[in-house]
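Enquirer: This one is model20.cif, mmCIF, C-alpha atoms.
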data_data
loop_
_atom_site.label_atom_id
_atom_site.label_comp_id
_atom_site.auth_asym_id
_atom_site.auth_seq_id
_atom_site.Cartn_x
_atom_site.Cartn_y
_atom_site.Cartn_z
CA MET O 89 147.34 101.89 49.99
CA ALA O 90 146.88 103.43 53.43
CA GLU O 91 148.94 106.45 54.39
CA LYS O 92 151.73 105.97 56.88
CA GLY O 93 150.50 106.58 60.41
CA LYS O 94 146.82 106.28 59.52
CA VAL O 95 144.63 103.78 61.33
CA GLY O 96 142.35 101.78 59.05
CA ARG O 97 138.62 101.62 59.62
CA ILE O 98 137.55 98.37 61.26
CA ARG O 99 133.93 97.32 61.60
CA GLY O 100 133.70 95.82 65.05
CA LEU O 101 136.32 93.79 66.78
CA PRO O 102 137.01 90.19 65.74
CA LEU O 103 135.37 87.76 68.13
CA GLU O 104 137.99 84.98 68.03
CA PRO O 105 140.69 86.92 69.95
CA ILE O 106 138.09 87.89 72.57
CA HIS O 107 137.11 84.23 72.95
CA ARG O 108 140.78 83.24 73.22
CA LEU O 109 141.43 85.85 75.93
CA LEU O 110 138.38 84.79 77.93
CA LYS O 111 139.59 81.18 77.75
CA ALA O 112 143.07 82.30 78.84
CA GLY O 113 141.45 83.92 81.88
CA ILE O 114 139.76 80.62 82.70
CA VAL O 115 143.09 78.78 82.46
CA GLU O 116 144.72 81.33 84.76
CA TYR O 117 141.88 81.06 87.27
CA VAL O 118 141.75 77.26 87.28
CA GLY O 119 145.52 76.91 87.15
CA ASP O 120 145.39 73.73 85.06
CA GLU O 121 144.91 73.75 81.30
CA LYS O 122 143.49 70.21 81.28
CA LYS O 123 140.78 71.12 83.80
CA ALA O 124 140.06 74.39 82.00
CA VAL O 125 139.22 72.50 78.78
CA GLU O 126 136.04 71.28 80.46
CA LEU O 127 134.87 74.88 80.95
CA ARG O 128 133.39 76.75 78.01
CA VAL O 129 132.70 80.33 76.98
CA GLY O 130 129.34 80.89 75.30
CA LYS O 131 128.94 82.88 72.10
CA ASP O 132 126.67 85.34 73.93
CA ALA O 133 129.43 85.96 76.50
CA VAL O 134 131.94 86.69 73.73
CA GLU O 135 129.51 89.03 71.96
CA ARG O 136 128.67 90.88 75.18
CA THR O 137 132.37 91.21 76.03
CA ASN O 138 132.87 92.68 72.55
CA GLN O 139 130.14 95.27 73.19
CA ILE O 140 131.67 96.21 76.54
CA ILE O 141 135.17 96.52 75.05
CA GLU O 142 133.90 98.76 72.25
CA LYS O 143 132.12 100.96 74.79
CA LEU O 144 135.26 101.12 76.95
CA ILE O 145 137.45 102.09 73.99
CA LYS O 146 135.05 104.89 73.05
CA MET O 147 135.03 106.13 76.65
CA LEU O 148 138.84 106.05 76.75
CA GLY O 149 138.99 108.08 73.56
CA LYS O 150 136.47 110.62 74.82
CA ILE O 151 138.29 111.18 78.11
CA ALA O 152 141.75 111.07 76.50
CA ILE O 153 140.88 113.71 73.91
CA GLY O 154 139.64 115.94 76.73
CA ILE O 155 143.03 115.58 78.40
CA VAL O 156 144.82 116.30 75.12
CA LEU O 157 142.78 119.40 74.29
CA ASN O 158 143.17 120.67 77.85
CA GLU O 159 146.95 120.54 77.33
CA ASN O 160 146.71 122.23 73.90
CA ARG O 161 147.89 119.14 72.03
CA LYS O 162 146.42 117.28 69.05
CA THR O 163 147.63 113.71 69.54
CA ILE O 164 146.47 111.13 72.07
CA LYS O 165 149.49 109.41 73.61
CA ALA O 166 149.83 106.31 75.76
CA ARG O 167 149.96 108.42 78.92
CA ASP O 168 146.57 109.97 78.01
CA ILE O 169 145.01 106.54 77.65
CA GLU O 170 146.49 105.49 81.01
CA ARG O 171 145.07 108.61 82.69
CA ALA O 172 141.69 108.06 81.06
CA PHE O 173 141.68 104.42 82.17
CA THR O 174 142.49 105.47 85.72
CA GLN O 175 139.75 108.11 85.69
CA ILE O 176 137.16 105.58 84.53
CA PHE O 177 138.00 102.90 87.06
CA VAL O 178 138.92 105.10 90.03
CA LYS O 179 135.65 106.98 89.54
CA GLU O 180 133.76 103.67 89.54
CA LEU O 181 135.52 102.56 92.73
CA MET O 182 134.81 105.85 94.48
CA GLU O 183 131.06 105.75 93.82
#
Re-express the file's structure as structure tokens.
Expert:
Amino acid sequence: MAEKGKVGRIRGLPLEPIHRLLKAGIVEYVGDEKKAVELRVGKDAVERTNQIIEKLIKMLGKIAIGIVLNENRKTIKARDIERAFTQIFVKELME
């Protein structure tokens, strides 16, 4: 049994939720669920999205832990993830 507060080890992210979210984006873009059914998401697109998400999560962790250590703390909090996210995407926009 896992200890309280511990995060279990997961090998990769499940692909089905990624596929579902990509399809939800299509529905939002098209604005009509019936029309969106005609549009598909390829397996390669889901797999590539998975790779990008994993890379993003690792980057968030790397930047967030830098913030945490700089403030002499040991726990990453939601605000650290938000700051890390902002740093990643603001930096990209500024370049």
Enquirer: Enter the distance from CA of Lys165 (chain O) to CA of Ile153 (chain O), in Å, rounded to one decimal.
Expert: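 Value for the CA of Lys165 (chain O)-CA of Ile153 (chain O) distance: 9.6 Å.
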Enquirer: Carefully work through the PyMOL selection byres ((chain O and resi 110) around 12) for this structure and note down the residues it includes, as a PyMOL selection string.
Expert: chain O and resi 103-109+111-117+124+127-131+133-138
Enquirer: Find, counting all atoms listed in the file, the residue in O:Val178, O:Ala166, O:Ile140, O:Ala172 that gets nearest to Ala152 (chain O).
Expert: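 Of O:Val178, O:Ala166, O:Ile140, O:Ala172, the one nearest Ala152 (chain O) is O:Ala172, counting all atoms listed in the file.
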Enquirer: Could you expand the PyMOL selection byres ((chain O and resi 147) around 12) into the explicit residues it covers here, written as a ChimeraX atom specification?
Expert: /O:140-146,148-154,169,171-177
Enquirer: Rounded to one decimal in Å, what is the spacing between CA of Glu126 (chain O) and CA of Gly100 (chain O)?
Expert: 29.1 Å
Enquirer: Measure the distance from CA of Arg167 (chain O) to CA of Ile155 (chain O) in Å and round it to one decimal.
Expert: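 Atom-to-atom, CA of Arg167 (chain O) to CA of Ile155 (chain O), that is 10.0 Å.
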